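Visitor: Next up is a structure, given as structure tokens.
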Amino acid sequence: MDSGLITQFIQQIINGVSLGSIYALIALGYTMVYGIMRLINFAHGDIYMLGAYVGFFVTTQLQLGFFPALICAMVAIGIAGVLIEKLVYKPLRASSKISILITAIGMSLFLEYTTMYFLTPQPRTFPPVLPNTIFHLGDVIISFQQLVILGSTVVLMLLLWYVVQYTKMGKAMRAVSYDTDAALLMGINVDHVISFTFALGSALAGAAGVLVGIYYNTIDPLMGIMPGLKAFIAAVLGGIGIIPGAMMGGIILGVVEALVSGFISSTFRDAAAFGILIVILLIKPTGLLGKNQTEKV
Amino acid sequence: MALLEINNIHVYYGAIHALKGISLKVEEGQIVALIGANGAGKTTTLRTISGLLHPKEGSILYHGEPLHEMKAQAIVKAGISQVPEGRRIFAPLTVMENLELGAFLRNDRDGIRNDLETIFQSFPRLKERTFQQAGTLSGGEQQMLAMGRALMSRPKVLLLDEPSMGLSPIFVQEIFHIIKRINEQGTTVLLVEQNARMALSIADYAYVLETGTISLEGTGAELASSEEVQKAYLGG
Ligand SMILES: Nc1ncnc2c1ncn2[C@@H]1O[C@H](COP(=O)(O)OP(=O)(O)OP(=O)(O)O)[C@@H](O)[C@H]1O
Ligand SMILES: [Mg+2]
């Protein structure tokens with residue numbers, strides 16, 4: 001077999017996993033919020049965009065480095081997520097699914113265009129907060145940035161796994177997600193669990209925003225639309241409401257996109273992503289890790 | 001003053017008038033049974049006590065405090081715990097995690113550990129399955145888990161909704177033994193059952209619910225020997 005082809009294949013896998021880990025971070029927020037509230041938070045992609053702007057502000061105005069930017073974005077966006085939940089979604093909790101969905105779309109547009117109003121539609125260039133080092137493994141190239149993205153995602157996912165699996169709040173999240181009424185009978189304050197879930201999901205999206213700013217160098221107020229949709233596909237692909245499913249879905253989607261860009265054409269990339277969504281909805285609507293209708297987390 | 005006192009509550013599901021002014025009392029230390037046919041409103045009554053539903057009219061007093069104004073969380077904290085109809089265990093979580101969630105509002109680590117031990121002693125089958133997913137347990141084991149989980153909050157009043165539902169006769173016997181033992185150890189019990197014979201045999205006092213109203217009440221023995229109850233609920 002042609003060794004050039006193999007090299008290119010490995011290269012695309014590396015690129016795909018880097019991109020996919022970012023999709024996975026965003027997809028986690030979709031899936032956790034859905035697990036708790038059965039709400040597709042269509043503003044989630046824009047929450048990620050806000051994260052990129054916080055990162056931009058911290059690195060340019062405050063002249064701080066990568067880690068402070070990541071932490072600040074996670075904290076600020078975690079708080080923003082809780083505020084959005086409390087001010088926008090909570091008053092609608094008893095409303096019909098369709099009103100909540102429309103509100104989520106409205107919230108998405110609101111975030112996009114207020115950002116545009118205050119910060120202009122002008123794309124901003126992220127300062128080079130990480131060295132531009134490139135590592136050669138034979139003919140395969142890995143950038144230092146890719147390693148940082150992968151490392152950060154792995155650490156964040158391990159942290160999330162620990163929180164969900166071992167802390168009291170994490171157990172409460174799983175309980176509410178499986179059976180809200182039974183959770184109420186345990187004395188669990190469902191409002192707190194919902195806020196906590198929004199905080200976690202939004203903080204991860206905030207982190208993803210900073211990582212993307214670093215990876216692609218440029219950010220703008222509408223940057224959340226496409227990755228938001230892709231992350232939604234990733235969440236559905238893995239099985240909406242299932243945390244490991246979102247991680248898996250994100251990586252698979254990233255790898256497929258990279259392979260399609262590398263071997264077919266990058267213009268066909270998005271078509272491939274949405275094609276996957278259609279195929280999944282046709283063949284296994286519950287997603288790769290979804291078992292049946294009643295299984296939720 | 002009774003420990004738990006329901007006064008003339010009316011509960012609706014939208015336009016459906018499910019409880020049409022029912023009143024009942026549970027004295028401290030008693031087992032009180034609530035029996036009735038399908039759809040009579042038994043589950044609705046327990047869900048209203050636990051704060052999952054709210055009465056449009058009437059009051060629920062616990063130690064004289066207005067329970068119907070409290071949130072579900074505060075009601076558990078006040079000492080009222082429920083084993084819901086259909087058990088409603090957290091199937092994807094382990095047996096241990098289910099029990100830990102029962103103690104969600106408690107912070108006394110040592111007390112929780114002791115209570116876990118006590119529950120494992122009463123339900124040895126659960127101990128063998130500590131780290132197994134709760135959804136893989138048999139029906140009877142799930143009922144035990146649901147009871148153990150409710151006991152982990154150290155309730156003063158335990159609400160049980162059809163604990164014998166779907167269990168084999170041997171398990172039914174065992175569950176009723178356990179209910180009696182829980183009561184003897186000082187927990188007041190409000191027991192909803194379709195198995196009227198078993199329920200009346202252990203109840204100090206009982207109420208019959210018929211389409212949203214209390215139609216009969218009396219001691220367990222009185223009702224068990226009443227002609228109406230015999231005809232309608234004891235099959236003869
Ligand atoms: N979520 C609901 N929405 C509308 N009506 C309901 C709802 N839940 C119960 N009902 C109605 O309220 C009435 C009382 O129901 P409830 O579940 O309290 O009865 P039950 O005595 O517990 O019956 P079972 O023995 O079958 O459990 C029934 O007529 C039922 O159809
Ligand atoms: Mg019932």
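Here's how to read the names in the structure tokens: chain A, B, ... by the order shown, residue numbers from 1 in each chain, ligand numbers from 1 in the order shown.
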To check your reading of the model: which residues sit at most 12 Å from ligand 2 when counting only C-alpha atoms and all ligand atoms? Write the answer as a PyMOL selection string.

Guide: chain B and resi 18+34-47+83-87+160-163+165+191-194+209

Visitor: Within 10 Å of chain A, which residues belong to chain B? Use only C-alpha atoms and report them as an MDAnalysis selection string.

Guide: chainID B and resid 47 50:52 71:77 80:84 87:93 97:106 149:150 152:153

Visitor: Save the residues we just selected, C-alpha atoms, as an mmCIF file, in the first residue's frame?

Guide:
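Written out: selection-v7.cif:
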```cif
data_model
loop_
_atom_site.group_PDB
_atom_site.id
_atom_site.type_symbol
_atom_site.label_atom_id
_atom_site.label_comp_id
_atom_site.auth_asym_id
_atom_site.auth_seq_id
_atom_site.Cartn_x
_atom_site.Cartn_y
_atom_site.Cartn_z
ATOM 1 C CA ARG B 47 -48.172 12.421 46.201
ATOM 2 C CA SER B 50 -45.102 14.500 49.699
ATOM 3 C CA GLY B 51 -45.575 17.862 47.994
ATOM 4 C CA LEU B 52 -45.506 16.587 44.392
ATOM 5 C CA LYS B 71 -41.777 22.085 49.086
ATOM 6 C CA ALA B 72 -41.015 18.417 48.509
ATOM 7 C CA GLN B 73 -37.512 18.904 49.856
ATOM 8 C CA ALA B 74 -38.705 20.471 53.113
ATOM 9 C CA ILE B 75 -41.210 17.666 53.583
ATOM 10 C CA VAL B 76 -38.484 15.026 53.371
ATOM 11 C CA LYS B 77 -36.396 17.106 55.741
ATOM 12 C CA ILE B 80 -41.797 12.208 55.770
ATOM 13 C CA SER B 81 -40.419 9.777 53.243
ATOM 14 C CA GLN B 82 -42.198 7.904 50.478
ATOM 15 C CA VAL B 83 -41.763 4.584 48.708
ATOM 16 C CA PRO B 84 -43.605 5.429 45.493
ATOM 17 C CA ARG B 87 -40.780 1.529 43.307
ATOM 18 C CA ARG B 88 -39.156 4.139 41.029
ATOM 19 C CA ILE B 89 -35.627 3.131 41.905
ATOM 20 C CA PHE B 90 -32.854 4.795 39.899
ATOM 21 C CA ALA B 91 -32.226 1.875 37.547
ATOM 22 C CA PRO B 92 -28.927 2.994 35.950
ATOM 23 C CA LEU B 93 -27.389 3.778 39.342
ATOM 24 C CA GLU B 97 -25.865 5.046 44.978
ATOM 25 C CA ASN B 98 -29.615 4.581 45.358
ATOM 26 C CA LEU B 99 -29.204 4.234 49.108
ATOM 27 C CA GLU B 100 -26.871 7.237 49.260
ATOM 28 C CA LEU B 101 -29.466 9.331 47.439
ATOM 29 C CA GLY B 102 -31.972 8.321 50.093
ATOM 30 C CA ALA B 103 -29.698 10.109 52.562
ATOM 31 C CA PHE B 104 -29.340 13.126 50.273
ATOM 32 C CA LEU B 105 -30.339 15.688 52.911
ATOM 33 C CA ARG B 106 -28.182 14.223 55.662
ATOM 34 C CA ARG B 149 -33.681 4.090 50.161
ATOM 35 C CA ALA B 150 -36.675 5.710 51.855
ATOM 36 C CA MET B 152 -32.018 6.246 54.639
ATOM 37 C CA SER B 153 -33.584 9.647 55.324
#
```

Visitor: I'd like the contact shell of region 17-27 of chain A - 7 Å cut-off, only C-alpha atoms, skipping same-chain residues fewer than 5 positions apart - returned as a PyMOL selection string.

Guide: chain A and resi 146+149-150+153+204-205+208+227+230-232+234-235+246-247+249-255

Visitor: Go ahead and save the residues from that selection, with all heavy atoms, as a short mmCIF file (atom, residue, chain, number, x, y, z; two decimals), in the first residue's frame.

Guide:
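again.cif, freshly written:
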```
data_model
loop_
_atom_site.label_atom_id
_atom_site.label_comp_id
_atom_site.auth_asym_id
_atom_site.auth_seq_id
_atom_site.Cartn_x
_atom_site.Cartn_y
_atom_site.Cartn_z
N GLN A 146 -2.42 21.58 19.02
CA GLN A 146 -3.26 20.37 19.02
C GLN A 146 -3.06 19.57 20.31
O GLN A 146 -4.02 19.06 20.89
CB GLN A 146 -2.94 19.50 17.81
CG GLN A 146 -3.58 20.01 16.53
CD GLN A 146 -3.19 19.18 15.32
OE1 GLN A 146 -2.08 18.67 15.23
NE2 GLN A 146 -4.11 19.04 14.38
N ILE A 149 -4.92 21.31 23.06
CA ILE A 149 -6.37 21.09 22.94
C ILE A 149 -6.72 19.70 23.44
O ILE A 149 -7.63 19.52 24.26
CB ILE A 149 -6.82 21.25 21.46
CG1 ILE A 149 -6.76 22.73 21.09
CG2 ILE A 149 -8.22 20.70 21.26
CD1 ILE A 149 -7.07 23.00 19.64
N LEU A 150 -5.97 18.70 22.97
CA LEU A 150 -6.25 17.33 23.39
C LEU A 150 -6.06 17.17 24.90
O LEU A 150 -6.91 16.60 25.59
CB LEU A 150 -5.33 16.35 22.66
CG LEU A 150 -5.79 16.02 21.25
CD1 LEU A 150 -4.77 15.13 20.56
CD2 LEU A 150 -7.15 15.32 21.31
N THR A 153 -8.86 18.90 26.81
CA THR A 153 -10.14 18.19 26.73
C THR A 153 -10.11 16.94 27.60
O THR A 153 -11.08 16.65 28.30
CB THR A 153 -10.44 17.75 25.28
OG1 THR A 153 -9.86 18.69 24.41
CG2 THR A 153 -11.89 17.66 25.03
N LEU A 204 -17.91 24.13 30.09
CA LEU A 204 -17.20 23.32 29.09
C LEU A 204 -17.26 23.99 27.72
O LEU A 204 -16.27 24.01 26.98
CB LEU A 204 -17.80 21.91 29.01
CG LEU A 204 -17.59 21.03 30.25
CD1 LEU A 204 -18.30 19.70 30.08
CD2 LEU A 204 -16.10 20.80 30.51
N ALA A 205 -18.43 24.57 27.39
CA ALA A 205 -18.54 25.27 26.11
C ALA A 205 -17.62 26.49 26.11
O ALA A 205 -16.99 26.81 25.09
CB ALA A 205 -19.99 25.69 25.86
N ALA A 208 -14.27 25.35 25.33
CA ALA A 208 -14.17 25.03 23.90
C ALA A 208 -13.97 26.30 23.09
O ALA A 208 -13.21 26.32 22.12
CB ALA A 208 -15.42 24.29 23.44
N PRO A 227 -20.41 25.17 14.71
CA PRO A 227 -19.99 24.20 15.73
C PRO A 227 -21.15 23.82 16.66
O PRO A 227 -21.21 22.68 17.13
CB PRO A 227 -18.91 24.95 16.52
CG PRO A 227 -18.42 25.99 15.59
CD PRO A 227 -19.60 26.39 14.75
N LYS A 230 -22.99 21.21 14.81
CA LYS A 230 -22.18 20.00 14.73
C LYS A 230 -22.18 19.29 16.09
O LYS A 230 -22.28 18.06 16.16
CB LYS A 230 -20.73 20.35 14.36
CG LYS A 230 -20.58 21.04 13.02
CD LYS A 230 -20.54 20.05 11.88
CE LYS A 230 -20.32 20.74 10.54
NZ LYS A 230 -19.01 21.38 10.41
N ALA A 231 -22.07 20.07 17.14
CA ALA A 231 -22.05 19.46 18.48
C ALA A 231 -23.40 18.81 18.77
O ALA A 231 -23.47 17.76 19.41
CB ALA A 231 -21.72 20.51 19.54
N PHE A 232 -24.45 19.44 18.30
CA PHE A 232 -25.78 18.84 18.46
C PHE A 232 -25.83 17.49 17.74
O PHE A 232 -26.31 16.50 18.28
CB PHE A 232 -26.85 19.80 17.91
CG PHE A 232 -28.21 19.21 17.86
CD1 PHE A 232 -28.86 18.82 19.04
CD2 PHE A 232 -28.87 19.01 16.65
CE1 PHE A 232 -30.12 18.25 18.99
CE2 PHE A 232 -30.12 18.45 16.61
CZ PHE A 232 -30.76 18.07 17.78
N ALA A 234 -23.29 15.63 17.13
CA ALA A 234 -22.44 14.72 17.90
C ALA A 234 -23.23 14.14 19.08
O ALA A 234 -23.14 12.94 19.37
CB ALA A 234 -21.20 15.45 18.41
N ALA A 235 -24.01 14.99 19.74
CA ALA A 235 -24.79 14.53 20.90
C ALA A 235 -25.84 13.51 20.48
O ALA A 235 -26.03 12.49 21.13
CB ALA A 235 -25.44 15.73 21.60
N ALA A 246 -21.81 11.66 24.11
CA ALA A 246 -21.44 12.97 23.57
C ALA A 246 -19.95 13.01 23.29
O ALA A 246 -19.50 13.55 22.27
CB ALA A 246 -21.84 14.07 24.54
N MET A 247 -19.16 12.42 24.19
CA MET A 247 -17.70 12.40 23.97
C MET A 247 -17.38 11.63 22.70
O MET A 247 -16.64 12.09 21.83
CB MET A 247 -17.00 11.75 25.17
CG MET A 247 -17.25 12.47 26.49
SD MET A 247 -16.38 11.63 27.83
CE MET A 247 -16.88 12.61 29.25
N GLY A 249 -19.46 10.75 20.21
CA GLY A 249 -20.05 11.37 19.02
C GLY A 249 -19.18 12.50 18.50
O GLY A 249 -18.98 12.64 17.29
N GLY A 250 -18.66 13.32 19.41
CA GLY A 250 -17.82 14.45 19.01
C GLY A 250 -16.57 13.98 18.28
O GLY A 250 -16.22 14.49 17.21
N ILE A 251 -15.90 13.00 18.86
CA ILE A 251 -14.65 12.51 18.24
C ILE A 251 -14.96 11.88 16.88
O ILE A 251 -14.26 12.16 15.89
CB ILE A 251 -13.98 11.45 19.16
CG1 ILE A 251 -13.70 12.03 20.55
CG2 ILE A 251 -12.70 10.91 18.52
CD1 ILE A 251 -12.59 13.02 20.63
N ILE A 252 -16.00 11.06 16.81
CA ILE A 252 -16.32 10.41 15.53
C ILE A 252 -16.61 11.46 14.47
O ILE A 252 -16.09 11.41 13.34
CB ILE A 252 -17.54 9.46 15.68
CG1 ILE A 252 -17.17 8.27 16.56
CG2 ILE A 252 -18.01 8.97 14.31
CD1 ILE A 252 -18.32 7.33 16.83
N LEU A 253 -17.42 12.46 14.85
CA LEU A 253 -17.78 13.49 13.88
C LEU A 253 -16.54 14.23 13.39
O LEU A 253 -16.37 14.47 12.18
CB LEU A 253 -18.78 14.46 14.51
CG LEU A 253 -19.44 15.40 13.53
CD1 LEU A 253 -20.31 14.64 12.56
CD2 LEU A 253 -20.27 16.45 14.27
N GLY A 254 -15.66 14.58 14.32
CA GLY A 254 -14.43 15.30 13.95
C GLY A 254 -13.58 14.47 13.00
O GLY A 254 -13.06 14.99 12.00
N VAL A 255 -13.44 13.17 13.28
CA VAL A 255 -12.61 12.31 12.45
C VAL A 255 -13.23 12.16 11.05
O VAL A 255 -12.53 12.26 10.04
CB VAL A 255 -12.41 10.93 13.13
CG1 VAL A 255 -11.80 9.93 12.16
CG2 VAL A 255 -11.54 11.09 14.36
#
```

Visitor: Please measure the separation of CA of Gly55 (chain A) and CA of Pro131 (chain A), giving the value in Å to one decimal.

Guide: 16.8 Å

Visitor: Please report the interatomic distance between CA of Thr125 (chain A) and CA of Asp220 (chain A) in Å with one decimal.

Guide: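 Taking CA of Thr125 (chain A) as the start and CA of Asp220 (chain A) as the end point, the length is 9.1 Å.
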
Visitor: Enter the distance from atom 6 (C, counted along the ligand's line) of ligand 1 to CA of Asn7 (chain B), in Å, rounded to one decimal.

Guide: 21.1 Å

Visitor: Could you tell me which of A:Val75, A:Leu64, A:Leu137, A:Ala52 comes closest to Ile10 (chain A) if we count only C-alpha atoms?

Guide: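 Among A:Val75, A:Leu64, A:Leu137, A:Ala52, it is A:Leu137 that comes nearest to Ile10 (chain A).
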
Visitor: Please provide as a list in words all residues within 10 Å of Phe268 (chain A), with the sequence filter that same-chain residues fewer than 6 positions apart are discarded (counting only C-alpha atoms).

Guide: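 Contacts, in chain order: Glu257, Val260 and Ser261 of chain A.
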
Visitor: Keeping N, CA and C atoms, export the residues of the selection given above as an mmCIF file, in the first residue's frame.

Guide:
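Generated file (again_7.cif):
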```cif
data_model
loop_
_atom_site.group_PDB
_atom_site.id
_atom_site.type_symbol
_atom_site.label_atom_id
_atom_site.label_comp_id
_atom_site.auth_asym_id
_atom_site.auth_seq_id
_atom_site.Cartn_x
_atom_site.Cartn_y
_atom_site.Cartn_z
ATOM 1 N N GLU A 257 -15.190 14.223 9.527
ATOM 2 C CA GLU A 257 -15.016 15.490 8.800
ATOM 3 C C GLU A 257 -13.601 15.630 8.267
ATOM 4 N N VAL A 260 -13.077 13.270 5.358
ATOM 5 C CA VAL A 260 -13.762 13.752 4.157
ATOM 6 C C VAL A 260 -13.000 14.935 3.557
ATOM 7 N N SER A 261 -12.546 15.867 4.420
ATOM 8 C CA SER A 261 -11.785 17.010 3.892
ATOM 9 C C SER A 261 -10.505 16.533 3.246
#
```

Visitor: If DSSP is run on the backbone, what residues of region 73-149 of chain A are strand (DSSP E)? A reply as an MDAnalysis selection string would be ideal.

Guide: chainID A and resid 124:125 134:137 140:143

Visitor: Now that the selection is made, can you save its residues with N, CA and C atoms as an mmCIF file, in the first residue's frame?

Guide:
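Listing of part23.cif after writing:
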```
data_model
loop_
_atom_site.group_PDB
_atom_site.id
_atom_site.type_symbol
_atom_site.label_atom_id
_atom_site.label_comp_id
_atom_site.auth_asym_id
_atom_site.auth_seq_id
_atom_site.Cartn_x
_atom_site.Cartn_y
_atom_site.Cartn_z
ATOM 1 N N ARG A 124 -12.194 38.963 15.090
ATOM 2 C CA ARG A 124 -11.009 39.371 15.870
ATOM 3 C C ARG A 124 -9.946 38.295 15.734
ATOM 4 N N THR A 125 -8.717 38.750 15.787
ATOM 5 C CA THR A 125 -7.628 37.780 15.702
ATOM 6 C C THR A 125 -7.109 37.476 17.096
ATOM 7 N N ILE A 134 5.938 22.846 16.139
ATOM 8 C CA ILE A 134 5.364 21.727 15.402
ATOM 9 C C ILE A 134 6.259 20.510 15.596
ATOM 10 N N PHE A 135 5.623 19.378 15.873
ATOM 11 C CA PHE A 135 6.403 18.149 16.062
ATOM 12 C C PHE A 135 6.232 17.257 14.852
ATOM 13 N N HIS A 136 7.335 16.656 14.403
ATOM 14 C CA HIS A 136 7.273 15.719 13.286
ATOM 15 C C HIS A 136 7.419 14.310 13.803
ATOM 16 N N LEU A 137 6.454 13.474 13.492
ATOM 17 C CA LEU A 137 6.571 12.045 13.789
ATOM 18 C C LEU A 137 6.627 11.359 12.436
ATOM 19 N N VAL A 140 4.204 12.636 9.744
ATOM 20 C CA VAL A 140 2.992 13.146 10.373
ATOM 21 C C VAL A 140 3.329 14.344 11.249
ATOM 22 N N ILE A 141 2.458 15.348 11.191
ATOM 23 C CA ILE A 141 2.722 16.589 11.928
ATOM 24 C C ILE A 141 1.704 16.764 13.059
ATOM 25 N N ILE A 142 2.216 17.074 14.248
ATOM 26 C CA ILE A 142 1.317 17.460 15.337
ATOM 27 C C ILE A 142 1.764 18.819 15.847
ATOM 28 N N SER A 143 0.815 19.753 15.972
ATOM 29 C CA SER A 143 1.217 21.056 16.490
ATOM 30 C C SER A 143 1.082 21.059 18.005
#
```

Visitor: Please identify which residues in region 63-268 of chain A DSSP calls helix (DSSP H, G or I) from the backbone, and express them as a ChimeraX atom specification.

Guide: /A:66-92,97-119,144-166,168-178,180-185,190-216,225-238,243-263,266-268

Visitor: For Ile175 (chain B), work out the shell of residues within 10 Å, counting only C-alpha atoms and skipping chain neighbours fewer than 6 positions away, then give it as an MDAnalysis selection string.

Guide: chainID B and resid 140 143:144 147 163:164 167 169 181

Visitor: Output C-alpha atoms for every residue in the selection just made, as a PDB file, in the first residue's frame.

Guide:
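The resulting again-v4.pdb:
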```
ATOM      1  CA  GLY B 140     -38.772  -8.053  45.137  1.00  0.00           C
ATOM      2  CA  GLN B 143     -38.968  -3.150  46.417  1.00  0.00           C
ATOM      3  CA  MET B 144     -36.493  -3.758  49.231  1.00  0.00           C
ATOM      4  CA  MET B 147     -37.773   0.781  51.090  1.00  0.00           C
ATOM      5  CA  PRO B 163     -45.390  -2.249  48.215  1.00  0.00           C
ATOM      6  CA  SER B 164     -46.756  -5.727  47.415  1.00  0.00           C
ATOM      7  CA  LEU B 167     -44.588  -9.648  43.992  1.00  0.00           C
ATOM      8  CA  PRO B 169     -46.813 -14.502  47.621  1.00  0.00           C
ATOM      9  CA  ARG B 181     -40.761  -4.434  61.959  1.00  0.00           C
TER      10      ARG B 181
END
```

Visitor: Using only C-alpha atoms and all ligand atoms, pick whichever of B:Leu126, B:Ala146, B:Ile214, B:Ile31 has the shortest atom-to-atom distance to ligand 1.

Guide: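 Looking at the shortest contact to ligand 1, the residue is B:Ile214.
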
Visitor: Please provide the set of residues having any atom within 9 Å of Met198 (chain B), restricted to only C-alpha atoms, with same-chain residues fewer than 3 positions apart removed, written as a PyMOL selection string.

Guide: chain B and resi 172-173+176+193+195+201-203

Visitor: Could those selected residues go to a file with C-alpha atoms, as a PDB file, in the first residue's frame?

Guide:
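In the end it all went to selection_16.pdb:
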```
ATOM      1  CA  VAL B 172     -45.505 -10.292  49.850  1.00  0.00           C
ATOM      2  CA  GLN B 173     -45.292 -12.024  53.235  1.00  0.00           C
ATOM      3  CA  PHE B 176     -45.343  -7.137  55.252  1.00  0.00           C
ATOM      4  CA  GLU B 193     -52.580  -1.238  49.305  1.00  0.00           C
ATOM      5  CA  ASN B 195     -54.054  -6.248  48.876  1.00  0.00           C
ATOM      6  CA  SER B 201     -54.275  -7.494  59.078  1.00  0.00           C
ATOM      7  CA  ILE B 202     -51.406  -5.238  60.145  1.00  0.00           C
ATOM      8  CA  ALA B 203     -53.216  -1.880  60.296  1.00  0.00           C
TER       9      ALA B 203
END
```

Visitor: Leaving out region 237-239 of chain A and any residue of its chain fewer than 6 positions from it, which residues lie within 9 Å of it when counting only C-alpha atoms, given as number ranges by chain?

Guide: A: 31, 245-250, 252-253, 276-277, 280-281, 284-291

Visitor: Between B:Asn183, B:Gln30, B:Thr48, B:Ser168, single out the one closest to ligand 1, counting only C-alpha atoms and all ligand atoms.

Guide: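 That would be B:Thr48, the residue with the smallest distance to ligand 1.
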